[in-house]
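A short write-up of the structure that comes next.
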Amino acid sequence: MSDILERVRKIVIEHLDADPEKVTEKASFIDDLGADSLDNVELVMAFEEEFDIEIPDDAAEHIQTVGDAVKFISEKSGG
Amino acid sequence: MRRVVVTGLGLLTPLGQGVDVTWKNILAGKSGAGTISTFDATDYGCQVAFEIPRVDGRGGGGPDVEGSFDPNGTMAPKDQRKVDDFILYAMAAADEAVKDANLPDDEEVRLRTGVIIGSGIGGLATIEKTALEMAEKGPRRVSPFFIPSALINLASGQVSIRYGFKGPNHSVVTACATGAHAIGDAARLIKYGDADVMIAGGAEASICPLGIAGFIACRAMATDFNDAPTTASRPYDRNRAGFVMGEGAGILVLEELEHAKARGAKIYAEVIGYGLSGDAYHITAPSEDGDGGLRAMKAAVKDAGIDVSEIGYVNAHGTSTMADGLELGAVERLLGDNAKNAMMSSTKSMTGHLLGAAGAVESIFTILALRDQTAPPTINLDDPEFDTPIDLVPHKAKPKAMEVAMSNSFGFGGTNACVIFRRAP
């Protein structure tokens with residue numbers, strides 16, 4: 001779990017050029033980290049690539065925070 | 001009739017970032033050409049291009065090389081990933097032009113300020129890269145930023161978003177005549193009353209494998225000068241063998257005359273004439289008698305209401321191809337007995353061919369020629385093929401007393417544009 005969190009945080013920091021201190025589990029990509037809807041799409045694609053999983057569009061819509069992403073990826077990869 | 005003047009200039013060219021450094025290099029007769037550094041061009045017939053010097057070392061630039069372009073000065077790295085280079089270049093030149101014009105911080109002005117920036121091909125490098133990625137990884141790996149990165153009108157869109165310019169938001173796609181059409185059309189929008197200020201110009205970033213290979217296939221590019229890059233672009237010279245690709249952007253701030261005067265703006269020149277025509281002849285070759293270009297020039301002269309004897313300098317389309325002679329003949333016919341009093345040069349000998357940005361970059365050179373009363377040179381003109389009464393300004397810039405100058409741009413598809421400027425009073 002903590003490994004997933006760190007990998008997700010790394011992607012988010014890199015793609016959004018975000019201040020690492022602000023990239024907490026509760027942080028919302030759009031409300032807290034300056035992303036727009038297209039950034040969210042790109043983030044989901046980056047998660048898919050990093051964790052070698054597929055995130056369907058309806059699930060992607062519900063991934064709005066770092067914690068959402070970690071939770072989905074953990075369940076999907078059985079971790 | 002509303003009159004239109006130029007109140008801001010911005011350039012990013014193979015001769016550097018900024019109007020001052022580029023113009024200094026132009027007047028010094030410097031070539032911006034080199035061996036292609038953006039990708040390995042070993043297998044390509046043409047390995048030469050006019051690349052923008054960058055601080056990262058590409059294009060002959062470096063942190064200590066004057067005029068080297070630092071993309072981070074224009075856009076944050078995370079935003080650079082969302083735009084093709086042609087948009088990045090447009091933003092860099094627009095930043096300079098808008099700053100130069102010193103427009104007031106006033107929402108009323110922004111509502112009456114539009115943007116019309118064109119490109120010949122747009123995000124070709126991004127299209128190429130994305131297509132290759134999709135072939136390898138499948139359609140789900142296509143970035144959500146691919147389309148807005150590649151669309152030509154997104155240069156206008158990005159500039160309007162950055163500055164809040166809410167007037168007409170438009171674009172031009174007429175191959176190598178794009179930049180000239182953008183300026184002429186923008187001037188018309190101001191004259192007609194759609195806007196008081198227009199940010200106008202062109203941007204191009206086609207020095208990528210697909211762009212180079214495509215133009216080589218058209219038999220349009222010089223392939224004989226891979227060992228001597230700075231001699232490859234040689235308009236009017238007997239040994240010229242095709243154009244050499246350049247990249248960059250030229251952006252002008254055009255403004256209604258009274259609007260500019262009321263705010264005490266610095267005025268570079270007046271846009272007095274604009275002419276357009278079509279060849280209706282061939283997809284890549286100009287009409288054999290140069291008639292299409294001549295009709296565009298005549299239309300611009302008529303629009304300007306001037307006598308051809310007033311034209312002191314012509315910035316030629318002059319791409320270093322067979323077509324140089326056709327344009328020269330057309331200009332001779334336009335000027336008649338006045339040909340011997342005029343100067344005409346091809347600055348593409350120093351910048352290469354910036355395709356959709358060429359007309360805008362060269363209009364800026366035309367304006368600066370008027371300002372400084374100096375005709376920029378045609379370099380590499382060692383063995384002139386043509387016997388002409390027009391002074392082609394070989395090798396070295398020359399002083400020239402003049403009030404009016406024009407810039408020609410012709411594009412694939414048989415599209416022609418001519419813009420005429422008068423020196424600021």
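So you can find residues: chains in the structure tokens are A, B, ... in the order shown, residues in each start at 1, and ligands are numbered from 1 in order.
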
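With only C-alpha atoms taken into account, chain A has Glu14, His15, Leu16, Asp17, Ala18, Ser37, Leu38, Asp39, Asn40, Val41, Glu42, Leu43, Met45, Ala46, Glu48, Glu49 and Glu54 of chain A at most 10 Å from chain B.
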
Polymer residues at most 12 Å from Glu50 in chain A, only C-alpha atoms, same-chain spacing of 2 or more positions, as a VMD selection string: chain A and resid 4 6 to 12 43 to 48 52 to 55 73 77

Atoms to include: C-alpha atoms. Write the selected residues as a compact mmCIF listing (two decimals), in the first residue's frame.
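Output below, filename out_8.txt:
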# COMPACT_ATOMS: atom_id res chain seq x y z
CA ILE A 4 1.60 2.24 -4.26
CA GLU A 6 4.65 6.62 -3.24
CA ARG A 7 4.47 5.59 -6.89
CA VAL A 8 1.16 7.45 -7.33
CA ARG A 9 2.56 10.52 -5.61
CA LYS A 10 5.62 10.47 -7.86
CA ILE A 11 3.44 10.42 -11.00
CA VAL A 12 1.21 13.21 -9.69
CA LEU A 43 -2.97 11.00 -14.91
CA VAL A 44 -5.20 7.94 -15.22
CA MET A 45 -3.28 6.91 -18.34
CA ALA A 46 -0.03 7.28 -16.43
CA PHE A 47 -1.39 5.10 -13.58
CA GLU A 48 -2.41 2.45 -16.11
CA ASP A 52 0.09 -2.25 -15.87
CA ILE A 53 -3.65 -2.21 -15.25
CA GLU A 54 -6.69 -1.02 -17.12
CA ILE A 55 -8.87 1.67 -15.55
CA ILE A 73 -4.99 0.46 -7.80
CA SER A 77 -3.73 -5.33 -8.21

Neighbour list for Ile121 in chain B as a PyMOL selection string, cut-off 8 Å, only C-alpha atoms, skip fewer than 4 positions in-chain: chain B and resi 152+173+175+204+206+356

Helix (DSSP H, G or I) residues, from DSSP on the backbone, in range 11-44 of chain A, as a VMD selection string: chain A and resid 11 to 16 20 to 22 37 to 44

Could you give me, as an mmCIF file with N, CA and C atoms, in the first residue's frame, each residue of range 257-356 of chain B that DSSP assigns to strand (DSSP E or B) when run on this structure's backbone?
data_model
loop_
_atom_site.group_PDB
_atom_site.id
_atom_site.type_symbol
_atom_site.label_atom_id
_atom_site.label_comp_id
_atom_site.auth_asym_id
_atom_site.auth_seq_id
_atom_site.Cartn_x
_atom_site.Cartn_y
_atom_site.Cartn_z
ATOM 1 N N ALA B 269 5.213 51.280 -38.328
ATOM 2 C CA ALA B 269 4.891 51.423 -39.750
ATOM 3 C C ALA B 269 3.384 51.330 -39.910
ATOM 4 N N GLU B 270 2.921 51.682 -41.100
ATOM 5 C CA GLU B 270 1.496 51.527 -41.405
ATOM 6 C C GLU B 270 1.329 50.393 -42.422
ATOM 7 N N VAL B 271 0.307 49.571 -42.211
ATOM 8 C CA VAL B 271 -0.033 48.543 -43.206
ATOM 9 C C VAL B 271 -0.917 49.237 -44.232
ATOM 10 N N ILE B 272 -0.370 49.496 -45.417
ATOM 11 C CA ILE B 272 -1.150 50.292 -46.382
ATOM 12 C C ILE B 272 -1.744 49.466 -47.510
ATOM 13 N N GLY B 273 -1.205 48.260 -47.759
ATOM 14 C CA GLY B 273 -1.738 47.497 -48.884
ATOM 15 C C GLY B 273 -1.667 46.004 -48.658
ATOM 16 N N TYR B 274 -2.649 45.314 -49.184
ATOM 17 C CA TYR B 274 -2.716 43.855 -49.043
ATOM 18 C C TYR B 274 -3.354 43.307 -50.306
ATOM 19 N N GLY B 275 -2.703 42.331 -50.916
ATOM 20 C CA GLY B 275 -3.263 41.724 -52.125
ATOM 21 C C GLY B 275 -3.167 40.215 -52.075
ATOM 22 N N LEU B 276 -4.170 39.559 -52.622
ATOM 23 C CA LEU B 276 -4.216 38.089 -52.627
ATOM 24 C C LEU B 276 -4.566 37.604 -54.034
ATOM 25 N N SER B 277 -4.076 36.421 -54.375
ATOM 26 C CA SER B 277 -4.488 35.812 -55.636
ATOM 27 C C SER B 277 -4.260 34.314 -55.593
ATOM 28 N N GLY B 278 -4.827 33.640 -56.586
ATOM 29 C CA GLY B 278 -4.601 32.206 -56.750
ATOM 30 C C GLY B 278 -4.024 31.922 -58.124
ATOM 31 N N ILE B 311 7.923 52.264 -54.190
ATOM 32 C CA ILE B 311 8.419 51.035 -53.558
ATOM 33 C C ILE B 311 9.949 51.012 -53.595
ATOM 34 N N GLY B 312 10.563 51.090 -52.415
ATOM 35 C CA GLY B 312 12.018 51.121 -52.359
ATOM 36 C C GLY B 312 12.646 49.759 -52.135
ATOM 37 N N TYR B 313 11.896 48.879 -51.459
ATOM 38 C CA TYR B 313 12.464 47.576 -51.112
ATOM 39 C C TYR B 313 11.382 46.499 -51.188
ATOM 40 N N VAL B 314 11.768 45.351 -51.723
ATOM 41 C CA VAL B 314 10.888 44.188 -51.768
ATOM 42 C C VAL B 314 11.562 43.055 -51.007
ATOM 43 N N ASN B 315 10.907 42.561 -49.945
ATOM 44 C CA ASN B 315 11.392 41.338 -49.318
ATOM 45 C C ASN B 315 10.763 40.188 -50.098
ATOM 46 N N MET B 343 15.396 47.914 -54.464
ATOM 47 C CA MET B 343 16.200 46.797 -53.974
ATOM 48 C C MET B 343 15.262 45.655 -53.606
ATOM 49 N N MET B 344 15.746 44.451 -53.817
ATOM 50 C CA MET B 344 14.958 43.270 -53.448
ATOM 51 C C MET B 344 15.924 42.216 -52.928
ATOM 52 N N SER B 345 15.611 41.643 -51.755
ATOM 53 C CA SER B 345 16.489 40.591 -51.238
ATOM 54 C C SER B 345 15.661 39.443 -50.690
ATOM 55 N N HIS B 353 13.670 28.722 -44.875
ATOM 56 C CA HIS B 353 12.262 28.929 -45.198
ATOM 57 C C HIS B 353 11.408 28.514 -43.999
#
